[in-house]
>>> print(open('upload28.cif').read())   # mmCIF, C-alpha atoms
data_entry
loop_
_atom_site.label_atom_id
_atom_site.label_comp_id
_atom_site.auth_asym_id
_atom_site.auth_seq_id
_atom_site.Cartn_x
_atom_site.Cartn_y
_atom_site.Cartn_z
CA MET J 26 112.62 147.48 -60.54
CA ILE J 27 108.94 147.25 -61.36
CA LYS J 28 107.83 148.96 -64.57
CA LEU J 29 104.61 150.90 -64.15
CA THR J 30 102.52 152.91 -66.55
CA LYS J 31 101.65 156.50 -65.71
CA ALA J 32 98.05 155.46 -64.99
CA GLN J 33 99.17 152.76 -62.53
CA LEU J 34 101.58 155.18 -60.89
CA ALA J 35 98.80 157.75 -60.44
CA ILE J 36 96.56 155.09 -58.87
CA TYR J 37 99.30 154.01 -56.46
CA GLU J 38 100.04 157.63 -55.52
CA GLN J 39 96.39 158.10 -54.59
CA GLU J 40 96.35 154.82 -52.63
CA VAL J 41 99.50 155.67 -50.67
CA ARG J 42 98.02 159.09 -49.79
CA GLU J 43 94.86 157.43 -48.49
CA PHE J 44 96.90 154.82 -46.61
CA ASN J 45 99.05 157.48 -44.95
CA ARG J 46 95.97 159.54 -44.08
CA ARG J 47 94.40 156.50 -42.35
CA MET J 48 97.62 155.83 -40.45
CA LYS J 49 97.83 159.45 -39.30
CA ARG J 50 94.20 159.45 -38.12
CA ALA J 51 94.81 156.20 -36.25
CA GLY J 52 97.79 157.77 -34.47
CA ARG J 53 100.26 155.42 -36.17
CA HIS J 54 102.55 158.09 -37.64
CA ASN J 55 105.54 155.74 -37.77
CA GLU J 56 103.71 153.31 -40.06
CA ARG J 57 103.32 155.74 -42.95
CA LEU J 58 104.97 154.66 -46.21
CA SER J 59 106.70 156.33 -49.12
CA LEU J 60 105.50 155.59 -52.65
CA GLN J 61 108.37 153.18 -53.34
CA GLN J 62 107.76 151.28 -50.09
CA TYR J 63 104.06 151.05 -50.88
CA ILE J 64 104.69 149.71 -54.41
CA LYS J 65 107.17 147.10 -53.12
CA GLN J 66 104.65 146.04 -50.51
CA ARG J 67 101.87 145.80 -53.13
CA TYR J 68 103.96 143.56 -55.37
CA GLY J 69 105.08 141.33 -52.49
CA GLN J 70 108.76 142.25 -52.59
CA VAL J 71 108.62 143.40 -48.96
CA SER J 72 106.25 142.08 -46.32
CA PRO J 73 104.22 144.68 -44.41
CA LEU J 74 106.11 143.79 -41.22
CA GLN J 75 109.51 144.53 -42.78
CA THR J 76 108.61 148.04 -43.95
CA ASN J 77 108.58 149.53 -40.45
CA ARG J 78 111.30 147.77 -38.51
CA ASP J 79 112.21 150.99 -36.71
CA TYR J 80 108.70 151.33 -35.27
CA LYS J 81 108.65 151.39 -31.48
CA PRO J 82 105.32 151.67 -29.68
CA SER J 83 105.00 154.51 -27.23
CA THR J 84 104.91 153.60 -23.56
CA ARG J 85 101.50 153.11 -22.03
CA TYR J 86 100.24 155.60 -19.49
CA VAL J 87 100.17 154.04 -16.04
CA ARG J 88 98.54 155.85 -13.15
CA GLN J 89 100.95 156.53 -10.27
CA THR J 90 98.25 156.25 -7.58
CA ARG J 91 97.50 152.56 -7.15
CA ASP J 92 94.70 152.83 -4.57
CA ILE J 93 91.95 155.40 -4.38
CA PRO J 94 90.14 155.29 -1.01
CA SER J 95 86.36 155.19 -0.93
CA LEU J 96 84.26 157.87 0.75
CA SER J 97 84.03 156.94 4.43
CA ASP J 98 81.28 159.44 5.35
CA THR J 99 77.95 157.56 5.60
CA ASN J 100 75.82 160.43 6.96
CA HIS J 101 74.29 161.12 3.56
CA VAL J 102 72.65 157.75 3.00
CA CYS J 103 69.16 158.07 1.57
CA GLY J 104 66.44 155.77 2.77
CA LYS J 105 63.59 154.34 0.73
CA PRO J 106 60.83 156.94 0.20
CA GLU J 107 57.32 156.23 1.44
CA THR J 108 55.11 154.56 -1.13
CA LYS J 109 52.44 156.86 -2.49
CA VAL J 110 48.92 155.63 -1.86
CA TYR J 111 45.76 157.39 -3.01
CA THR J 112 43.57 158.22 -0.01
CA GLY J 113 40.39 158.88 -1.99
CA THR J 114 39.86 162.44 -0.76
CA LEU J 115 40.66 164.42 -3.93
CA ILE J 116 38.71 162.80 -6.75
CA LYS J 117 34.97 162.56 -6.11
CA GLY J 118 34.13 160.42 -9.11
CA ILE J 119 34.42 159.80 -12.85
CA ALA J 120 32.20 161.49 -15.41
CA THR J 121 31.66 160.69 -19.07
CA MET J 122 32.28 163.47 -21.53
CA HIS J 123 32.34 163.45 -25.33
CA LYS J 124 32.16 159.95 -26.86
CA SER J 125 32.78 157.90 -23.73
CA ASN J 126 35.76 159.97 -22.60
CA ALA J 127 36.24 159.29 -18.88
CA VAL J 128 37.12 162.44 -16.92
CA PRO J 129 37.95 162.61 -13.20
CA VAL J 130 35.64 164.88 -11.17
CA ILE J 131 37.31 166.83 -8.37
CA ASP J 132 34.45 168.96 -7.02
CA ALA J 133 30.72 169.64 -7.52
CA GLU J 134 31.35 172.66 -9.76
CA GLN J 135 33.36 170.60 -12.17
CA ALA J 136 30.63 167.94 -12.19
CA LYS J 137 28.07 170.59 -13.16
CA ASP J 138 30.33 171.87 -15.96
CA ILE J 139 30.70 168.38 -17.38
CA ALA J 140 26.94 167.76 -17.15
CA ARG J 141 26.23 171.00 -19.07
CA MET J 142 29.09 170.20 -21.49
CA ARG J 143 30.53 173.59 -20.56
CA ARG J 144 27.82 175.45 -22.36
CA GLY J 145 27.47 177.96 -19.59
#
>>> encode(input="upload28.cif", output="structure tokens")
Amino acid sequence: MIKLTKAQLAIYEQEVREFNRRMKRAGRHNERLSLQQYIKQRYGQVSPLQTNRDYKPSTRYVRQTRDIPSLSDTNHVCGKPETKVYTGTLIKGIATMHKSNAVPVIDAEQAKDIARMRRG
């Protein structure tokens, strides 16, 4: 038997709680240890593999349907959209506003507003 001080025992109790908490979060409930098992493992009296000899992994989930057929309906195939080309009919020109700020001009009224700097 290993002789431990109360301080060492308190430290090992905290460590085994943290170890068991990590095992539970990882879904490895069968790998949790008691305090005595943990202390033996820490001092090398028992290898980590020997502590859980009764551990049996759960069976993996295997899907029963082996083949899933693809969609055979091809009526909904989308073609490539037409490329968008500017025809030159909307914008009449480019005007310069405050401090060389280029502004597109759409109609004559907008050109007049830019020329007056929208002062009215």
>>> residues_around(input="upload28.cif", residues="stretch 119-121 of chain J", least_positions_apart="3", cutoff="10 Å", atoms="all atoms listed in the file", output="list of chain:residue names")
J:Ile116, J:Lys124, J:Ser125, J:Asn126, J:Ala127, J:Val128, J:Pro129, J:Val130, J:Ile131, J:Gln135, J:Ala136, J:Ile139, J:Ala140
>>> atom_distance(input="upload28.cif", atom1="atom CA of J:Lys137", atom2="atom CA of J:Met122")
11.8 Å
>>> resolve_selection(input="upload28.cif", expression="the PyMOL selection byres ((chain J and resi 34-42) around 12)", output="list in words")
Ile27, Lys28, Leu29, Thr30, Lys31, Ala32, Gln33, Glu43, Phe44, Asn45, Arg46, Arg47, Met48, Lys49, Glu56, Arg57, Leu58, Ser59, Leu60, Gln61, Gln62, Tyr63, Ile64, Lys65, Gln66, Arg67 and Tyr68 of chain J
>>> atom_distance(input="upload28.cif", atom1="atom CA of J:Ser83", atom2="atom CA of J:Arg50")
16.1 Å
